[in-house]
Amino acid sequence: MLLILLLDLAVFSAVKGREIACDTVPDNGEVEITAEGVYTFTCKSSNYTLIGASSARCKDGVLNIHHLPTCVRKTPRKTSVTARYKDFICEEEAIERRTAALIEVLKEAQCWEAGTCTIKETSNKCHDGELIVQVQFHTLNTEAHNNIEAVTNAMKQKHKAKSNRQKRFDFSDFDDATTEDVDTDGCSAGYITNSDNTCTACTAGTYAPEEGTSCLLCPIGEYQPSSLAKSCIECEEGTTTESKGSEEQWECIGTCQLPGVVHKGVYKVDNEEQAAGASVPFGSKVILSCNDGYKFDDAANFEMSCENPASTFYNTCYKVTMLPDENIYQLQTETAYVTCSAETPHDIIGFHIVHENKFNVVAGGDREFEDGVAKQIFRVTSEKGAVGKIKCMADVMEDFFETSNDEITVALVDVSIKPAAGMIANVGEAVTITALVSYDDLIRAQFSWKKNGQTYRVFSDSQSTIENSQFFKSEVVFGSVRFDDQATYSVTVKVTDPNGNPGLVKEEHSALSVRGFIRHPSDDIGRTYIVYLEGHNVKLTCTYQGMGESDALLWVDEFNKVIHKEWQTSEEEEEKGVTTSIIQFEEWPEDVGADKLKCAVFNGADILVESQRVILISHGYEVKMGSDVHAAPGEDAQLECTASSPEDLEHPPTVTWYKKNIDGEDIFLEDGHHFITNNKLDGTILASTLTVSGADKDDAGEYYCKAQYDKPVYIEILAKASIELSLTGTECDVSQHEIENGRIVNESVDGGKIVYTVKCNPGYWLSKGSGNQLYCDDDGSPVYPQCERVIIKANIVKHNDEGHLLKVSYESNSWNGNGTLCDDGWDDRAADIICKQNGFLHGKAASLTANEEDFVLTELHCPCGEIETLEHCSAARYEESELPCLPEEAAGVRCYNESLINRVTFLNARSTRKAYKLSMKIMVLKFGEPLGLRYLDSSSFTLTSSSDQSVELEIRKAIVKLQGDSVYAKLVARKPKGYKTPKSHCIQLAIEGPFQNQTFQQEYCFNK
């Protein structure tokens, strides 16, 4: 946005001495202030010319110029109009009338209304009947002169037309009128010629040479008090002006002389460069402006004053740099090296490292100075770790220091892990492994943990105050440590700058060993509150991991007194560091005063750690089983169990039943449809009955029950013995081994007797009338079904191009027949065997249409393995099949000697005098099924004459199209020159690569 200050001629001039206030505006001028803060001076009217500086800057309320520019009115040009009248009577009144009328007409010129022309004077002369009237104008530009000339020419045209329509002017005696530009020789010295040919007078402080086109400011060292000057006056020797455009002699003041040489910089006065060795007036502010990257007294622009001829002016700019020029990231125990250098024409006093008193800095050697460069190496260390910004400072001369333009971050980081030497923790303790990095807002820390080399999650990752110092902190926290927490924990710490740029990577390790009771005292089924019965053996076990070499694991009572070492045994697994202690007895010893035992780890006489307690209580609980039970198959069998206690039970026990399987495992019997439990309480005795509904062979075996008491603690008591459930009606000895060529596949109960279903092995059928059941007859003897060998044969009968139909036959001691095979269950395995039996190498199953429905077999199946005949194959008689076969469902085969068959069908073949022309269809079949082919071109075909194998025919043209699974090709092969075609002959065609890069040949014979 431009701020425009418009002031009239009466606006004040706020010039005080040589200082000009920023709000001062030239007379007849205006000021525009740009967004960049530049003050631009212009004149308000084109009738004025700006003399002096056209722009300035404002600082501290004062413009940076010493003379305010001036708007000078342009000197007008002179235009003269002369009108002549003839046959005029020279009377004064008539002359005045003609003069006034002429002026009125000339005022019709546009410049009159625009104010760019004015009448300076008029004159007339009358003699011998001729009147001459002259009107002289001041015109400010050429356009105004042209306006007057246009009006004059209009008068002349009206006179010629004898027009008298204009009442103000009498053309009766008018003769002629002319317009003349009086100023034709240009502006005089002391003036400048404007673009519109007007003249502007040069003001005081400026001058214009004879051929100048602008008013020039008097240079520094000269002045001019007068206007219209052609030159300026020099100041007396030893003095000069403070700026250009000086007007008075008093502006010539004393000077200072600048040094004759400047190193890496220039001098400036009022933002204008001054040559080295130049003189500048008293009071001048001299700036030593250093080149890019250089400074003096740590400033790129150093200001000095010209106070007297002896004023001091510095003339050297310095450049201080440091290496490395990138941030340093090292461990606190390491030393960082920094090199300071300064470009200087002379040696310096010394170097310093500027930092925040976080580091220990010492010189790493003597300072060097060579070829205009001073250097010094410093060693930077820290006792506790520190992060900070550092810079190099050069003491270039007395009381003058220069610092490096750039600073770097030095991070001597303290990275640690606690506990560093690892730790041993007891199971259940709270454990924390902490990784620490000394904190500073100039760095960031990232932590990644591993457990035994595998990535591990971080429980806590934060920044907090520890030991009065700030750290980045990451922790692995165990609220209650377990044995599987034992491992070596490693943390990788990445220290970066705040933007994530990499700095330092450090890995720390801490080993955690966990010791404690793997198993607190308990019995074999894990109980810690044990009710034992009289005469029962008591065996308690506790296991501890992490014992020292001189430690011992012993059983103690509730007063920590070791009890009966002779009952205690100890086992050790050295590789795992595990120790197990067992105490075993049949009767509670009288010398042990309490029934609360525990394990303790001793080191000498001192107890290091104690286990939880196990409580032993002796009560008269008893669980008894009833008598063995015998039941017929299919009948319900009832088994009895009782649970008793010496006291009335507040809560009766819960009784559950179990059965041992053939592997001796206890199988819980869930109450439901087959096993039904009924419990009845009578005083202190709970009677439980287990009903086995519809008992069968699988139900026979050992049964027992378990009583579960809730008071005083949860107690499980097993019956001392078990009861046997056996089934009657299976007195005869039935053996799988007695079944020849068959096997038992099912078992059922029929009329209280167990009946087995038998299935014959492959290649065998049940004899006619034998049935498929194995059972015991009324005499108690086993009755076995008979399996007899059946021979199945198959012959192939040509059916069509699609394959061969099968004719099968079967024969055994009691069965025979022949006919067609149904395709139910028909597969390639059996088809391949049949084709090989009939002299082929391969075979595939097919479904064909039979001429008559004479199906005799179905479900022909051959087992896997190396078999070559149908001897081991099984089939079912068609009459036993549940699914009928249609005529088009007859089993057939496709037999092949090659798995791949290449088939070429010649559609057309011609032999001309010069060439062979062939068209053909190409297919490749695998087991009779067409395969997809790749594209062929002329290079895929080779044509040779069979009468002379050495003659290879050149194939000049080949058109190949891929259509479905076939390739159609047209070939034109040129016969060699001089080749004589026999009347009857054959040609050999070789085709390369229609499928899997195979090549095959096909012959075609011509007969004439």
# chains A, B, ... in the order shown; residues from 1 in each chain; ligands from 1
>>> residues_around(residues="Gln136 of chain A", least_positions_apart="5", cutoff="7 Å", atoms="only C-alpha atoms", output="PyMOL selection string")
chain A and resi 78-81+119-122
>>> closest_residue(among="A:Val72, A:Cys306, A:Val491, A:Ala420", to="Trp449 of chain A", atoms="only C-alpha atoms")
A:Val491
>>> atom_distance(atom1="atom CA of Ala154 of chain A", atom2="atom CA of Glu92 of chain A")
26.8 Å
>>> residues_around(residues="segment 247-258 of chain A", least_positions_apart="3", cutoff="6 Å", atoms="only C-alpha atoms", output="ChimeraX atom specification")
/A:204-205,223-225,235,239-241,277-282,306,309
>>> residues_around(residues="Tyr810 of chain A", least_positions_apart="4", cutoff="12 Å", atoms="only C-alpha atoms", output="JSON, numbers by chain")
{"A": [763, 764, 765, 789, 790, 791, 792, 793, 794, 795, 814, 815, 816, 817, 818, 819, 820, 821, 856, 857, 858, 860, 870, 871, 873, 874, 875, 876, 877, 878]}
>>> atom_distance(atom1="atom CA of Val320 of chain A", atom2="atom CA of Ala363 of chain A")
17.0 Å
>>> residues_around(residues="Asp551 of chain A", least_positions_apart="4", cutoff="7 Å", atoms="only C-alpha atoms", output="PyMOL selection string")
chain A and resi 547+601-603
>>> select_by_dssp(residues="segment 285-338 of chain A", states="strand (DSSP E)", output="list in words")
Lys285, Val286, Ile287, Leu288, Ser289, Cys290, Asn301, Phe302, Glu303, Met304, Ser305, Lys319, Val320, Thr321, Met322, Leu323, Ile328, Tyr329, Gln330, Leu331, Ala336, Tyr337 and Val338 of chain A
>>> closest_atom_pairs(of="segment 541-626 of chain A", to="segment 476-490 of chain A", cutoff="12 Å", atoms="only C-alpha atoms", output="JSON lines")
{"residue": "A:Tyr544", "atom": "CA", "partner": "A:Phe483", "partner_atom": "CA", "distance": 10.9}
{"residue": "A:Gln545", "atom": "CA", "partner": "A:Phe483", "partner_atom": "CA", "distance": 8.7}
{"residue": "A:Gly546", "atom": "CA", "partner": "A:Phe483", "partner_atom": "CA", "distance": 10.1}
{"residue": "A:Lys576", "atom": "CA", "partner": "A:Phe483", "partner_atom": "CA", "distance": 11.5}
{"residue": "A:Gly577", "atom": "CA", "partner": "A:Phe483", "partner_atom": "CA", "distance": 11.9}
{"residue": "A:Val578", "atom": "CA", "partner": "A:Phe483", "partner_atom": "CA", "distance": 11.5}
>>> closest_residue(among="A:Thr70, A:Thr432, A:Thr981, A:Thr316", to="Lys295 of chain A", atoms="only C-alpha atoms")
A:Thr316
